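This report refers to the structure that appears directly beneath it.
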Amino acid sequence: MGMERFFNIAGPCVAADHYMLPATERLPEVVGMIRRKQYFVIHAPRQSGKTTALKQLVRDINGSGERVALYCSLETLQNVMDVASAMSTVATVIWKAVRTAPVFADIADGIRQYAMSDDVTRDAATGLLSLLSRLAADCGKPLVIFFDEADCLSYDPLVAFLRQLRNGYVNREDVPFPASVALVGLRNIKDYKMRIRPDGESVGQASPFNVITEVLPMRLFSEAEMRS
């Protein structure tokens, strides 16, 4: 006789072992955001089911066949202050996530090689931008990326990370780039901006991450609220 399912709060849930709500019920607005090719922030307290919902949503997206989705955790970036080291680590996180996701099996080797190339590892200012562009081009379908624990990025690495995402976002009509990107963590977009601004830093223009949602309860903030 198998183990009975139970309510789990110790980490990500597994459908076979734990009681779970469908991801679309936990994140009711996210599917629409993805269809509209939006960049957005998801935030909620710890042990609220963010990671479980995200991983299930990634499986649902990949199962639909319309898009491809990738889950990446940036938890290892905690307290990495050097920009070059941080961006190199983000690139490593991405190609390792690609390598372990069956939907990317046909392109995994090429992405790994490119992520380890000089174009990525020696250019902290544009290496991540180049890698995400290559990944989006190789997918052959609209690419959705969830960066979990994104608020582990600190100061200068956070600025570099957001600037490259914004660069890809504003030029994606001409250059391949992820169709939709989510930053996931404990903080909302105002907190990201506050972490950048103490020393006068900026991502350059208005952030593309102008929509925010919580896991439960869900609320969307307007762009006007983001700028207040």
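Each chain of the structure tokens is named A, B, ... in the order shown, its residues numbered from 1; ligands are numbered from 1 in display order.
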
Got a sec to tell me which of stretch 79-163 of chain A DSSP assigns to strand (DSSP E or B), as a PyMOL selection string? chain A and resi 143-148

With a distance cut-off of 10 Å and only C-alpha atoms, select the neighbouring residues of A:Val175, excluding the residue or stretch itself and same-chain residues fewer than 5 positions from it, and output the selection as number ranges by chain. A: 133-134, 136-137, 168-170

Deliver the residues from the most recent selection as a file, using N, CA, C and O atoms, as a JSON list (two decimals), in the first residue's frame.
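The new file again08.json reads:
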[["chain", "number", "residue", "atom", "x", "y", "z"],
["A", 133, "SER", "N", 19.17, 35.34, -26.09],
["A", 133, "SER", "CA", 18.80, 35.49, -27.50],
["A", 133, "SER", "C", 19.04, 34.19, -28.25],
["A", 133, "SER", "O", 18.20, 33.76, -29.06],
["A", 134, "ARG", "N", 20.17, 33.56, -27.99],
["A", 134, "ARG", "CA", 20.48, 32.27, -28.64],
["A", 134, "ARG", "C", 19.47, 31.20, -28.24],
["A", 134, "ARG", "O", 18.98, 30.44, -29.07],
["A", 136, "ALA", "N", 16.36, 31.64, -27.16],
["A", 136, "ALA", "CA", 15.06, 31.94, -27.77],
["A", 136, "ALA", "C", 15.04, 31.56, -29.24],
["A", 136, "ALA", "O", 14.03, 31.06, -29.74],
["A", 137, "ALA", "N", 16.15, 31.79, -29.94],
["A", 137, "ALA", "CA", 16.22, 31.47, -31.36],
["A", 137, "ALA", "C", 16.19, 29.96, -31.58],
["A", 137, "ALA", "O", 15.52, 29.46, -32.50],
["A", 168, "GLY", "N", 16.96, 43.21, -24.19],
["A", 168, "GLY", "CA", 16.33, 42.18, -25.02],
["A", 168, "GLY", "C", 14.85, 42.42, -25.22],
["A", 168, "GLY", "O", 14.32, 42.19, -26.31],
["A", 169, "TYR", "N", 14.19, 42.91, -24.17],
["A", 169, "TYR", "CA", 12.75, 43.17, -24.24],
["A", 169, "TYR", "C", 12.42, 44.22, -25.29],
["A", 169, "TYR", "O", 11.51, 44.03, -26.11],
["A", 170, "VAL", "N", 13.14, 45.34, -25.29],
["A", 170, "VAL", "CA", 12.79, 46.43, -26.19],
["A", 170, "VAL", "C", 13.19, 46.15, -27.63],
["A", 170, "VAL", "O", 12.67, 46.78, -28.56]]

Can you pull out the residues contacting stretch 177-179 of chain A? Cut-off 10 Å, using only C-alpha atoms, and skip same-chain residues under 3 positions away; I want them as a PDB file with N, CA, C and O atoms, in the first residue's frame.
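New file part17.pdb:
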ATOM      1  N   ILE A  34       1.289  35.654 -20.001  1.00  0.00           N
ATOM      2  CA  ILE A  34       2.165  34.940 -20.926  1.00  0.00           C
ATOM      3  C   ILE A  34       1.633  35.040 -22.351  1.00  0.00           C
ATOM      4  O   ILE A  34       2.395  35.260 -23.302  1.00  0.00           O
ATOM      5  N   ARG A  35       0.354  34.896 -22.516  1.00  0.00           N
ATOM      6  CA  ARG A  35      -0.228  35.019 -23.852  1.00  0.00           C
ATOM      7  C   ARG A  35      -0.026  36.408 -24.432  1.00  0.00           C
ATOM      8  O   ARG A  35       0.091  36.578 -25.646  1.00  0.00           O
ATOM      9  N   ARG A  36       0.016  37.426 -23.551  1.00  0.00           N
ATOM     10  CA  ARG A  36       0.227  38.800 -24.011  1.00  0.00           C
ATOM     11  C   ARG A  36       1.716  39.154 -24.090  1.00  0.00           C
ATOM     12  O   ARG A  36       2.069  40.309 -24.334  1.00  0.00           O
ATOM     13  N   LYS A  37       2.572  38.183 -23.863  1.00  0.00           N
ATOM     14  CA  LYS A  37       4.028  38.356 -23.954  1.00  0.00           C
ATOM     15  C   LYS A  37       4.516  39.442 -22.991  1.00  0.00           C
ATOM     16  O   LYS A  37       5.369  40.261 -23.331  1.00  0.00           O
ATOM     17  N   GLN A  38       4.013  39.402 -21.770  1.00  0.00           N
ATOM     18  CA  GLN A  38       4.401  40.391 -20.776  1.00  0.00           C
ATOM     19  C   GLN A  38       5.574  39.906 -19.931  1.00  0.00           C
ATOM     20  O   GLN A  38       5.793  38.698 -19.761  1.00  0.00           O
ATOM     21  N   TYR A  39       6.310  40.860 -19.394  1.00  0.00           N
ATOM     22  CA  TYR A  39       7.321  40.609 -18.383  1.00  0.00           C
ATOM     23  C   TYR A  39       6.711  41.035 -17.046  1.00  0.00           C
ATOM     24  O   TYR A  39       6.128  42.120 -16.957  1.00  0.00           O
ATOM     25  N   ARG A  67       4.152  26.728 -26.491  1.00  0.00           N
ATOM     26  CA  ARG A  67       5.316  27.475 -26.042  1.00  0.00           C
ATOM     27  C   ARG A  67       6.264  26.515 -25.335  1.00  0.00           C
ATOM     28  O   ARG A  67       5.902  25.379 -25.057  1.00  0.00           O
ATOM     29  N   VAL A  68       7.440  27.001 -25.031  1.00  0.00           N
ATOM     30  CA  VAL A  68       8.360  26.237 -24.188  1.00  0.00           C
ATOM     31  C   VAL A  68       8.682  27.089 -22.969  1.00  0.00           C
ATOM     32  O   VAL A  68       8.802  28.316 -23.068  1.00  0.00           O
ATOM     33  N   ALA A  69       8.798  26.455 -21.812  1.00  0.00           N
ATOM     34  CA  ALA A  69       9.019  27.177 -20.560  1.00  0.00           C
ATOM     35  C   ALA A  69      10.207  26.590 -19.817  1.00  0.00           C
ATOM     36  O   ALA A  69      10.481  25.388 -19.890  1.00  0.00           O
ATOM     37  N   LEU A 129      22.485  38.611 -22.201  1.00  0.00           N
ATOM     38  CA  LEU A 129      21.634  39.017 -23.316  1.00  0.00           C
ATOM     39  C   LEU A 129      21.852  38.110 -24.517  1.00  0.00           C
ATOM     40  O   LEU A 129      20.893  37.626 -25.147  1.00  0.00           O
ATOM     41  N   SER A 130      23.104  37.837 -24.846  1.00  0.00           N
ATOM     42  CA  SER A 130      23.428  36.984 -25.992  1.00  0.00           C
ATOM     43  C   SER A 130      22.945  35.552 -25.780  1.00  0.00           C
ATOM     44  O   SER A 130      22.414  34.923 -26.703  1.00  0.00           O
ATOM     45  N   LEU A 131      23.135  35.043 -24.560  1.00  0.00           N
ATOM     46  CA  LEU A 131      22.717  33.668 -24.272  1.00  0.00           C
ATOM     47  C   LEU A 131      21.207  33.506 -24.386  1.00  0.00           C
ATOM     48  O   LEU A 131      20.713  32.544 -24.985  1.00  0.00           O
ATOM     49  N   LEU A 132      20.451  34.443 -23.823  1.00  0.00           N
ATOM     50  CA  LEU A 132      18.995  34.354 -23.886  1.00  0.00           C
ATOM     51  C   LEU A 132      18.492  34.517 -25.316  1.00  0.00           C
ATOM     52  O   LEU A 132      17.507  33.888 -25.710  1.00  0.00           O
ATOM     53  N   SER A 133      19.172  35.343 -26.089  1.00  0.00           N
ATOM     54  CA  SER A 133      18.805  35.493 -27.496  1.00  0.00           C
ATOM     55  C   SER A 133      19.042  34.195 -28.251  1.00  0.00           C
ATOM     56  O   SER A 133      18.199  33.761 -29.057  1.00  0.00           O
ATOM     57  N   ARG A 134      20.171  33.560 -27.991  1.00  0.00           N
ATOM     58  CA  ARG A 134      20.484  32.272 -28.642  1.00  0.00           C
ATOM     59  C   ARG A 134      19.470  31.203 -28.237  1.00  0.00           C
ATOM     60  O   ARG A 134      18.979  30.435 -29.073  1.00  0.00           O
ATOM     61  N   LEU A 135      19.134  31.164 -26.954  1.00  0.00           N
ATOM     62  CA  LEU A 135      18.180  30.179 -26.459  1.00  0.00           C
ATOM     63  C   LEU A 135      16.806  30.386 -27.098  1.00  0.00           C
ATOM     64  O   LEU A 135      16.165  29.432 -27.540  1.00  0.00           O
ATOM     65  N   ALA A 136      16.361  31.635 -27.158  1.00  0.00           N
ATOM     66  CA  ALA A 136      15.062  31.937 -27.765  1.00  0.00           C
ATOM     67  C   ALA A 136      15.039  31.564 -29.241  1.00  0.00           C
ATOM     68  O   ALA A 136      14.029  31.060 -29.744  1.00  0.00           O
ATOM     69  N   ALA A 137      16.154  31.791 -29.935  1.00  0.00           N
ATOM     70  CA  ALA A 137      16.222  31.465 -31.360  1.00  0.00           C
ATOM     71  C   ALA A 137      16.193  29.957 -31.584  1.00  0.00           C
ATOM     72  O   ALA A 137      15.523  29.462 -32.498  1.00  0.00           O
ATOM     73  N   CYS A 139      14.926  27.632 -29.691  1.00  0.00           N
ATOM     74  CA  CYS A 139      13.700  26.956 -29.233  1.00  0.00           C
ATOM     75  C   CYS A 139      12.723  26.695 -30.376  1.00  0.00           C
ATOM     76  O   CYS A 139      12.056  25.654 -30.400  1.00  0.00           O
ATOM     77  N   LYS A 141       9.965  28.085 -30.692  1.00  0.00           N
ATOM     78  CA  LYS A 141       8.640  28.445 -30.181  1.00  0.00           C
ATOM     79  C   LYS A 141       8.819  29.595 -29.182  1.00  0.00           C
ATOM     80  O   LYS A 141       9.933  29.797 -28.680  1.00  0.00           O
ATOM     81  N   PRO A 142       7.755  30.341 -28.873  1.00  0.00           N
ATOM     82  CA  PRO A 142       7.878  31.389 -27.857  1.00  0.00           C
ATOM     83  C   PRO A 142       8.393  30.816 -26.542  1.00  0.00           C
ATOM     84  O   PRO A 142       7.905  29.797 -26.067  1.00  0.00           O
ATOM     85  N   LEU A 143       9.395  31.482 -25.986  1.00  0.00           N
ATOM     86  CA  LEU A 143      10.061  31.008 -24.779  1.00  0.00           C
ATOM     87  C   LEU A 143       9.598  31.798 -23.563  1.00  0.00           C
ATOM     88  O   LEU A 143       9.555  33.024 -23.582  1.00  0.00           O
ATOM     89  N   VAL A 144       9.266  31.078 -22.491  1.00  0.00           N
ATOM     90  CA  VAL A 144       8.862  31.677 -21.215  1.00  0.00           C
ATOM     91  C   VAL A 144       9.876  31.247 -20.161  1.00  0.00           C
ATOM     92  O   VAL A 144      10.172  30.057 -20.034  1.00  0.00           O
ATOM     93  N   ILE A 145      10.428  32.204 -19.414  1.00  0.00           N
ATOM     94  CA  ILE A 145      11.400  31.876 -18.366  1.00  0.00           C
ATOM     95  C   ILE A 145      10.924  32.418 -17.023  1.00  0.00           C
ATOM     96  O   ILE A 145      10.524  33.582 -16.911  1.00  0.00           O
ATOM     97  N   LEU A 165      17.997  42.222 -19.512  1.00  0.00           N
ATOM     98  CA  LEU A 165      16.630  41.800 -19.796  1.00  0.00           C
ATOM     99  C   LEU A 165      15.856  42.911 -20.502  1.00  0.00           C
ATOM    100  O   LEU A 165      15.100  42.656 -21.444  1.00  0.00           O
ATOM    101  N   ASN A 167      17.121  45.347 -22.361  1.00  0.00           N
ATOM    102  CA  ASN A 167      17.654  45.481 -23.709  1.00  0.00           C
ATOM    103  C   ASN A 167      17.020  44.463 -24.638  1.00  0.00           C
ATOM    104  O   ASN A 167      16.587  44.791 -25.756  1.00  0.00           O
ATOM    105  N   GLY A 168      16.956  43.210 -24.193  1.00  0.00           N
ATOM    106  CA  GLY A 168      16.329  42.182 -25.015  1.00  0.00           C
ATOM    107  C   GLY A 168      14.851  42.420 -25.222  1.00  0.00           C
ATOM    108  O   GLY A 168      14.318  42.185 -26.311  1.00  0.00           O
ATOM    109  N   TYR A 169      14.190  42.914 -24.174  1.00  0.00           N
ATOM    110  CA  TYR A 169      12.752  43.170 -24.239  1.00  0.00           C
ATOM    111  C   TYR A 169      12.419  44.217 -25.293  1.00  0.00           C
ATOM    112  O   TYR A 169      11.513  44.035 -26.106  1.00  0.00           O
ATOM    113  N   VAL A 170      13.135  45.336 -25.288  1.00  0.00           N
ATOM    114  CA  VAL A 170      12.790  46.430 -26.194  1.00  0.00           C
ATOM    115  C   VAL A 170      13.191  46.145 -27.633  1.00  0.00           C
ATOM    116  O   VAL A 170      12.667  46.777 -28.560  1.00  0.00           O
ATOM    117  N   ASN A 171      14.101  45.190 -27.843  1.00  0.00           N
ATOM    118  CA  ASN A 171      14.555  44.881 -29.205  1.00  0.00           C
ATOM    119  C   ASN A 171      14.060  43.537 -29.715  1.00  0.00           C
ATOM    120  O   ASN A 171      14.490  43.077 -30.769  1.00  0.00           O
ATOM    121  N   ARG A 172      13.137  42.895 -28.996  1.00  0.00           N
ATOM    122  CA  ARG A 172      12.761  41.522 -29.346  1.00  0.00           C
ATOM    123  C   ARG A 172      11.988  41.417 -30.648  1.00  0.00           C
ATOM    124  O   ARG A 172      11.838  40.318 -31.184  1.00  0.00           O
ATOM    125  N   GLU A 173      11.494  42.533 -31.178  1.00  0.00           N
ATOM    126  CA  GLU A 173      10.832  42.480 -32.480  1.00  0.00           C
ATOM    127  C   GLU A 173      11.834  42.202 -33.593  1.00  0.00           C
ATOM    128  O   GLU A 173      11.504  41.604 -34.617  1.00  0.00           O
ATOM    129  N   ASP A 174      13.087  42.594 -33.358  1.00  0.00           N
ATOM    130  CA  ASP A 174      14.130  42.435 -34.373  1.00  0.00           C
ATOM    131  C   ASP A 174      15.120  41.317 -34.046  1.00  0.00           C
ATOM    132  O   ASP A 174      15.723  40.739 -34.952  1.00  0.00           O
TER     133      ASP A 174
END

Contacts of A:Pro157 at 12 Å (only C-alpha atoms; same-chain gap of 6+ positions) as a PyMOL selection string: chain A and resi 74+77-90+124-125+128+150-151+163-164+195-196+201+203

Output for the residues just chosen: N, CA, C and O atoms as a short mmCIF file (atom, residue, chain, number, x, y, z; two decimals), in the first residue's frame:
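Result file out_0.cif:
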data_model
loop_
_atom_site.label_atom_id
_atom_site.label_comp_id
_atom_site.auth_asym_id
_atom_site.auth_seq_id
_atom_site.Cartn_x
_atom_site.Cartn_y
_atom_site.Cartn_z
N LEU A 74 17.74 31.27 -8.91
CA LEU A 74 18.94 32.08 -8.75
C LEU A 74 19.40 32.13 -7.29
O LEU A 74 20.13 33.04 -6.89
N LEU A 77 22.98 32.84 -6.20
CA LEU A 77 23.55 34.18 -6.40
C LEU A 77 23.57 35.00 -5.12
O LEU A 77 24.04 36.15 -5.13
N GLN A 78 23.06 34.45 -4.04
CA GLN A 78 23.03 35.17 -2.77
C GLN A 78 24.43 35.64 -2.38
O GLN A 78 25.38 34.84 -2.35
N ASN A 79 24.58 36.95 -2.16
CA ASN A 79 25.83 37.56 -1.70
C ASN A 79 26.96 37.52 -2.71
O ASN A 79 28.13 37.76 -2.36
N VAL A 80 26.67 37.25 -3.98
CA VAL A 80 27.68 37.36 -5.03
C VAL A 80 27.67 38.81 -5.50
O VAL A 80 26.74 39.25 -6.18
N MET A 81 28.69 39.56 -5.15
CA MET A 81 28.70 40.99 -5.41
C MET A 81 29.39 41.36 -6.72
O MET A 81 29.14 42.42 -7.28
N ASP A 82 30.29 40.52 -7.20
CA ASP A 82 31.02 40.81 -8.43
C ASP A 82 30.13 40.56 -9.64
O ASP A 82 29.56 39.47 -9.79
N VAL A 83 30.02 41.55 -10.51
CA VAL A 83 29.10 41.44 -11.66
C VAL A 83 29.50 40.31 -12.59
O VAL A 83 28.65 39.51 -13.02
N ALA A 84 30.79 40.22 -12.93
CA ALA A 84 31.23 39.19 -13.87
C ALA A 84 30.95 37.79 -13.32
O ALA A 84 30.45 36.92 -14.05
N SER A 85 31.24 37.59 -12.05
CA SER A 85 30.97 36.28 -11.44
C SER A 85 29.49 35.98 -11.40
O SER A 85 29.06 34.85 -11.67
N ALA A 86 28.69 36.99 -11.07
CA ALA A 86 27.25 36.80 -10.99
C ALA A 86 26.65 36.46 -12.34
O ALA A 86 25.85 35.53 -12.47
N MET A 87 27.02 37.19 -13.38
CA MET A 87 26.45 36.94 -14.70
C MET A 87 26.90 35.59 -15.24
O MET A 87 26.14 34.89 -15.92
N SER A 88 28.13 35.20 -14.95
CA SER A 88 28.60 33.88 -15.36
C SER A 88 27.81 32.78 -14.65
O SER A 88 27.46 31.75 -15.26
N THR A 89 27.50 33.01 -13.37
CA THR A 89 26.72 32.03 -12.61
C THR A 89 25.30 31.94 -13.15
O THR A 89 24.73 30.84 -13.27
N VAL A 90 24.69 33.08 -13.50
CA VAL A 90 23.35 33.05 -14.10
C VAL A 90 23.37 32.24 -15.39
O VAL A 90 22.46 31.43 -15.64
N ALA A 124 30.38 40.59 -19.18
CA ALA A 124 29.37 40.70 -18.13
C ALA A 124 28.24 41.64 -18.52
O ALA A 124 27.14 41.55 -17.99
N ALA A 125 28.51 42.56 -19.45
CA ALA A 125 27.51 43.56 -19.82
C ALA A 125 26.49 43.04 -20.82
O ALA A 125 25.34 43.49 -20.81
N LEU A 128 24.75 37.65 -20.91
CA LEU A 128 23.44 37.07 -20.61
C LEU A 128 22.44 37.38 -21.71
O LEU A 128 21.65 36.52 -22.12
N ALA A 150 14.78 35.49 -7.61
CA ALA A 150 15.46 36.58 -8.32
C ALA A 150 15.95 37.67 -7.38
O ALA A 150 16.91 38.38 -7.69
N ASP A 151 15.31 37.80 -6.22
CA ASP A 151 15.73 38.84 -5.29
C ASP A 151 16.97 38.45 -4.50
O ASP A 151 17.39 39.19 -3.60
N ARG A 163 19.24 45.29 -16.75
CA ARG A 163 19.56 46.05 -17.96
C ARG A 163 19.57 45.13 -19.19
O ARG A 163 19.08 45.50 -20.26
N GLN A 164 20.13 43.94 -19.03
CA GLN A 164 20.19 43.03 -20.17
C GLN A 164 18.81 42.48 -20.53
O GLN A 164 18.49 42.31 -21.70
N ARG A 195 16.39 48.65 -4.22
CA ARG A 195 17.70 48.02 -4.06
C ARG A 195 18.70 48.57 -5.07
O ARG A 195 19.90 48.53 -4.86
N ILE A 196 18.20 49.08 -6.19
CA ILE A 196 19.07 49.63 -7.22
C ILE A 196 19.42 51.08 -6.92
O ILE A 196 20.53 51.53 -7.12
N GLU A 201 21.88 54.29 -9.10
CA GLU A 201 21.85 53.42 -10.27
C GLU A 201 20.44 53.34 -10.84
O GLU A 201 19.46 53.55 -10.15
N VAL A 203 18.15 51.17 -14.28
CA VAL A 203 18.22 50.27 -15.43
C VAL A 203 18.16 51.04 -16.73
O VAL A 203 18.18 50.47 -17.79
#

Shortest contact to A:Lys96, candidates A:Tyr71, A:Ala53, A:Gly32, A:Asp119, atoms counted only C-alpha atoms, goes to A:Tyr71

Between A:Asp138, A:Arg166, A:Asp123, A:Ala182, which is the closest to A:Asp109 once you count only C-alpha atoms? A:Asp138
